$ cat run_28.json   # JSON, C-alpha atoms
[["chain", "number", "residue", "atom", "x", "y", "z"],
["C", 2, "MET", "CA", 183.09, 67.46, 126.48],
["C", 3, "SER", "CA", 179.37, 67.25, 126.03],
["C", 4, "ASN", "CA", 176.40, 69.22, 127.24],
["C", 5, "TYR", "CA", 174.37, 67.61, 129.98],
["C", 6, "HIS", "CA", 170.65, 68.27, 129.60],
["C", 7, "ILE", "CA", 167.76, 66.97, 131.67],
["C", 8, "LYS", "CA", 164.69, 66.84, 129.48],
["C", 9, "HIS", "CA", 161.85, 66.56, 131.99],
["C", 10, "LEU", "CA", 161.05, 66.56, 135.69],
["C", 11, "GLU", "CA", 160.92, 62.77, 136.09],
["C", 12, "GLU", "CA", 164.42, 62.50, 134.61],
["C", 13, "TYR", "CA", 165.57, 65.11, 137.12],
["C", 14, "TYR", "CA", 164.21, 63.03, 140.00],
["C", 15, "GLN", "CA", 165.89, 59.89, 138.66],
["C", 16, "VAL", "CA", 169.23, 61.66, 138.35],
["C", 17, "TYR", "CA", 168.86, 63.24, 141.78],
["C", 18, "ARG", "CA", 168.05, 59.90, 143.45],
["C", 19, "LYS", "CA", 171.11, 58.30, 141.89],
["C", 20, "SER", "CA", 173.31, 61.18, 143.02],
["C", 21, "ILE", "CA", 172.10, 60.70, 146.61],
["C", 22, "ARG", "CA", 172.13, 56.89, 146.72],
["C", 23, "GLU", "CA", 175.39, 56.34, 144.82],
["C", 24, "PRO", "CA", 177.34, 59.63, 144.86],
["C", 25, "GLU", "CA", 180.68, 58.11, 143.89],
["C", 26, "ASN", "CA", 179.28, 56.24, 140.89],
["C", 27, "PHE", "CA", 177.15, 59.20, 139.84],
["C", 28, "TRP", "CA", 179.98, 61.74, 139.88],
["C", 29, "GLU", "CA", 182.47, 59.33, 138.32],
["C", 30, "GLU", "CA", 180.11, 58.86, 135.36],
["C", 31, "ILE", "CA", 179.63, 62.62, 135.02],
["C", 32, "ALA", "CA", 183.39, 63.23, 135.17],
["C", 33, "GLU", "CA", 184.22, 60.53, 132.61],
["C", 34, "GLU", "CA", 181.50, 61.52, 130.15],
["C", 35, "HIS", "CA", 181.79, 65.30, 130.28],
["C", 36, "PHE", "CA", 185.42, 66.22, 130.88],
["C", 37, "VAL", "CA", 188.81, 65.52, 129.32],
["C", 38, "TRP", "CA", 191.40, 64.36, 131.85],
["C", 39, "ARG", "CA", 195.19, 64.40, 131.62],
["C", 40, "LYS", "CA", 195.37, 62.01, 134.54],
["C", 41, "LYS", "CA", 192.45, 60.09, 135.96],
["C", 42, "TRP", "CA", 191.78, 60.25, 139.69],
["C", 43, "ASN", "CA", 192.77, 57.66, 142.27],
["C", 44, "THR", "CA", 189.55, 58.00, 144.28],
["C", 45, "VAL", "CA", 186.31, 59.78, 143.49],
["C", 46, "LEU", "CA", 185.33, 60.69, 147.04],
["C", 47, "GLU", "CA", 186.96, 60.55, 150.46],
["C", 48, "TRP", "CA", 184.93, 61.90, 153.33],
["C", 49, "ASP", "CA", 184.82, 62.01, 157.07],
["C", 50, "PHE", "CA", 182.06, 64.21, 158.45],
["C", 51, "SER", "CA", 183.33, 63.83, 162.00],
["C", 52, "LYS", "CA", 186.32, 66.12, 161.19],
["C", 53, "PRO", "CA", 184.82, 67.49, 158.66],
["C", 54, "ALA", "CA", 186.94, 66.53, 155.66],
["C", 55, "VAL", "CA", 185.77, 65.94, 152.10],
["C", 56, "LYS", "CA", 188.02, 65.37, 149.07],
["C", 57, "TRP", "CA", 186.83, 64.89, 145.50],
["C", 58, "PHE", "CA", 188.80, 63.29, 142.64],
["C", 59, "GLU", "CA", 192.12, 62.97, 144.46],
["C", 60, "GLY", "CA", 195.12, 62.59, 142.15],
["C", 61, "ARG", "CA", 193.40, 63.97, 139.07],
["C", 62, "SER", "CA", 194.59, 66.44, 136.50],
["C", 63, "ILE", "CA", 192.03, 67.99, 134.19],
["C", 64, "LYS", "CA", 192.89, 69.09, 130.70],
["C", 65, "TYR", "CA", 191.41, 72.52, 130.31],
["C", 66, "TYR", "CA", 191.53, 74.39, 127.08],
["C", 67, "ARG", "CA", 189.72, 77.31, 125.58],
["C", 68, "LYS", "CA", 189.33, 78.17, 121.94],
["C", 69, "LEU", "CA", 190.57, 81.60, 121.06],
["C", 70, "TYR", "CA", 188.99, 83.17, 117.99]]
$ encode --input "run_28.json" --output "structure tokens"
Amino acid sequence: MSNYHIKHLEEYYQVYRKSIREPENFWEEIAEEHFVWRKKWNTVLEWDFSKPAVKWFEGRSIKYYRKLY
């Protein structure tokens, strides 16, 4: 896992625009770069706003661990 840090306002706007224009690609990159997965997802995003129904990272299993000192 890494720390995600936006260094300046223009970078924020670039990241924001990508998250709006290409949400599946944006969140897939974030998930792959910043988390450890036991099992990768089948789909990043499934949505139907007419119902409303939104599902993120279907089929995934995240590997969560915490260091105990």
$ atom_distance --input "run_28.json" --atom1 "atom CA of Arg39 of chain C" --atom2 "atom CA of Ile63 of chain C"
5.4 Å
$ axis_aligned_box --input "run_28.json" --around "segment 38-42 of chain C" --padding-each-side "5 Å" --output "JSON"
{"center_x": 193.4, "center_y": 62.2, "center_z": 135.7, "size_x": 14.0, "size_y": 14.3, "size_z": 18.1}
$ closest_residue --input "run_28.json" --among "C:Trp42, C:Phe36, C:Tyr17, C:Tyr5" --to "Arg61 of chain C" --atoms "all atoms listed in the file"
C:Trp42
$ residues_around --input "run_28.json" --residues "Trp57 of chain C" --least-positions-apart "6" --cutoff "8 Å" --atoms "all atoms listed in the file" --output "ChimeraX atom specification"
/C:44-47
$ atom_distance --input "run_28.json" --atom1 "atom CA of Phe58 of chain C" --atom2 "atom CA of Glu33 of chain C"
11.4 Å
$ closest_residue --input "run_28.json" --among "C:Gly60, C:Trp48, C:Pro53, C:Ile7" --to "Pro24 of chain C" --atoms "all atoms listed in the file"
C:Trp48
$ closest_residue --input "run_28.json" --among "C:Asn43, C:Glu23, C:Val37, C:Arg18" --to "Lys56 of chain C" --atoms "all atoms listed in the file"
C:Asn43
$ closest_residue --input "run_28.json" --among "C:Gln15, C:Ser20, C:Ser62, C:Ser51" --to "Trp38 of chain C" --atoms "all atoms listed in the file"
C:Ser62
$ closest_residue --input "run_28.json" --among "C:His6, C:Asp49, C:Tyr14, C:Val55" --to "Ile31 of chain C" --atoms "all atoms listed in the file"
C:His6
$ atom_distance --input "run_28.json" --atom1 "atom CA of Phe50 of chain C" --atom2 "atom CA of His35 of chain C"
28.2 Å
$ decode --input "run_28.json" --residues "segment 8-47 of chain C" --atoms "N, CA and C atoms" --output "compact mmCIF listing (two decimals), in the first residue's frame"
# COMPACT_ATOMS: atom_id res chain seq x y z
N LYS C 8 -0.18 17.09 -4.81
CA LYS C 8 0.80 18.11 -4.43
C LYS C 8 0.36 19.54 -4.64
N HIS C 9 -0.54 19.78 -5.58
CA HIS C 9 -0.98 21.15 -5.83
C HIS C 9 -2.37 21.15 -6.45
N LEU C 10 -2.96 22.32 -6.52
CA LEU C 10 -4.35 22.46 -6.95
C LEU C 10 -4.57 21.99 -8.39
N GLU C 11 -3.66 22.29 -9.29
CA GLU C 11 -3.82 21.85 -10.68
C GLU C 11 -3.84 20.32 -10.77
N GLU C 12 -3.01 19.66 -9.99
CA GLU C 12 -3.02 18.20 -9.97
C GLU C 12 -4.36 17.69 -9.46
N TYR C 13 -4.92 18.36 -8.47
CA TYR C 13 -6.24 17.98 -7.96
C TYR C 13 -7.28 18.04 -9.08
N TYR C 14 -7.28 19.14 -9.84
CA TYR C 14 -8.24 19.28 -10.93
C TYR C 14 -8.05 18.21 -12.00
N GLN C 15 -6.82 17.86 -12.30
CA GLN C 15 -6.55 16.81 -13.28
C GLN C 15 -7.10 15.47 -12.79
N VAL C 16 -6.83 15.16 -11.55
CA VAL C 16 -7.31 13.90 -10.96
C VAL C 16 -8.83 13.89 -10.92
N TYR C 17 -9.42 14.99 -10.50
CA TYR C 17 -10.88 15.09 -10.43
C TYR C 17 -11.52 14.88 -11.80
N ARG C 18 -10.98 15.56 -12.83
CA ARG C 18 -11.53 15.41 -14.19
C ARG C 18 -11.47 13.96 -14.66
N LYS C 19 -10.36 13.30 -14.39
CA LYS C 19 -10.25 11.89 -14.79
C LYS C 19 -11.28 11.04 -14.03
N SER C 20 -11.48 11.32 -12.76
CA SER C 20 -12.43 10.52 -11.98
C SER C 20 -13.86 10.68 -12.49
N ILE C 21 -14.18 11.85 -13.06
CA ILE C 21 -15.51 12.11 -13.60
C ILE C 21 -15.66 11.54 -15.01
N ARG C 22 -14.65 11.74 -15.84
CA ARG C 22 -14.73 11.30 -17.24
C ARG C 22 -14.56 9.80 -17.41
N GLU C 23 -13.70 9.20 -16.61
CA GLU C 23 -13.41 7.76 -16.72
C GLU C 23 -13.43 7.12 -15.33
N PRO C 24 -14.58 7.06 -14.67
CA PRO C 24 -14.59 6.57 -13.29
C PRO C 24 -14.08 5.14 -13.12
N GLU C 25 -14.41 4.26 -14.05
CA GLU C 25 -13.95 2.87 -13.91
C GLU C 25 -12.44 2.78 -14.01
N ASN C 26 -11.85 3.43 -14.99
CA ASN C 26 -10.39 3.41 -15.12
C ASN C 26 -9.71 4.08 -13.94
N PHE C 27 -10.25 5.21 -13.51
CA PHE C 27 -9.67 5.94 -12.39
C PHE C 27 -9.64 5.07 -11.13
N TRP C 28 -10.78 4.51 -10.76
CA TRP C 28 -10.84 3.74 -9.51
C TRP C 28 -10.11 2.40 -9.61
N GLU C 29 -10.05 1.83 -10.81
CA GLU C 29 -9.27 0.60 -10.97
C GLU C 29 -7.79 0.89 -10.73
N GLU C 30 -7.29 1.99 -11.26
CA GLU C 30 -5.88 2.36 -11.02
C GLU C 30 -5.62 2.60 -9.54
N ILE C 31 -6.51 3.31 -8.88
CA ILE C 31 -6.35 3.56 -7.44
C ILE C 31 -6.32 2.24 -6.68
N ALA C 32 -7.26 1.36 -6.99
CA ALA C 32 -7.35 0.08 -6.29
C ALA C 32 -6.12 -0.79 -6.51
N GLU C 33 -5.62 -0.83 -7.74
CA GLU C 33 -4.44 -1.66 -8.03
C GLU C 33 -3.17 -1.11 -7.40
N GLU C 34 -3.04 0.21 -7.37
CA GLU C 34 -1.81 0.82 -6.88
C GLU C 34 -1.74 0.96 -5.36
N HIS C 35 -2.88 0.99 -4.68
CA HIS C 35 -2.87 1.35 -3.28
C HIS C 35 -3.43 0.31 -2.32
N PHE C 36 -3.82 -0.84 -2.83
CA PHE C 36 -4.35 -1.88 -1.97
C PHE C 36 -3.78 -3.23 -2.36
N VAL C 37 -3.78 -4.15 -1.42
CA VAL C 37 -3.35 -5.53 -1.66
C VAL C 37 -4.61 -6.38 -1.71
N TRP C 38 -4.76 -7.15 -2.78
CA TRP C 38 -5.99 -7.92 -3.01
C TRP C 38 -5.70 -9.41 -2.93
N ARG C 39 -6.56 -10.13 -2.24
CA ARG C 39 -6.51 -11.60 -2.28
C ARG C 39 -7.03 -12.09 -3.62
N LYS C 40 -8.14 -11.51 -4.02
CA LYS C 40 -8.77 -11.86 -5.29
C LYS C 40 -9.18 -10.58 -5.98
N LYS C 41 -8.75 -10.43 -7.22
CA LYS C 41 -9.11 -9.23 -7.98
C LYS C 41 -10.57 -9.30 -8.39
N TRP C 42 -11.16 -8.17 -8.60
CA TRP C 42 -12.57 -8.02 -8.93
C TRP C 42 -12.88 -8.50 -10.34
N ASN C 43 -14.14 -8.80 -10.57
CA ASN C 43 -14.62 -9.14 -11.91
C ASN C 43 -14.98 -7.89 -12.70
N THR C 44 -15.64 -6.96 -12.04
CA THR C 44 -16.00 -5.67 -12.66
C THR C 44 -15.72 -4.56 -11.65
N VAL C 45 -15.31 -3.42 -12.16
CA VAL C 45 -15.04 -2.28 -11.30
C VAL C 45 -16.35 -1.62 -10.87
N LEU C 46 -17.23 -1.38 -11.83
CA LEU C 46 -18.45 -0.64 -11.54
C LEU C 46 -19.62 -1.18 -12.35
N GLU C 47 -20.71 -1.42 -11.66
CA GLU C 47 -21.98 -1.75 -12.31
C GLU C 47 -23.00 -0.77 -11.75
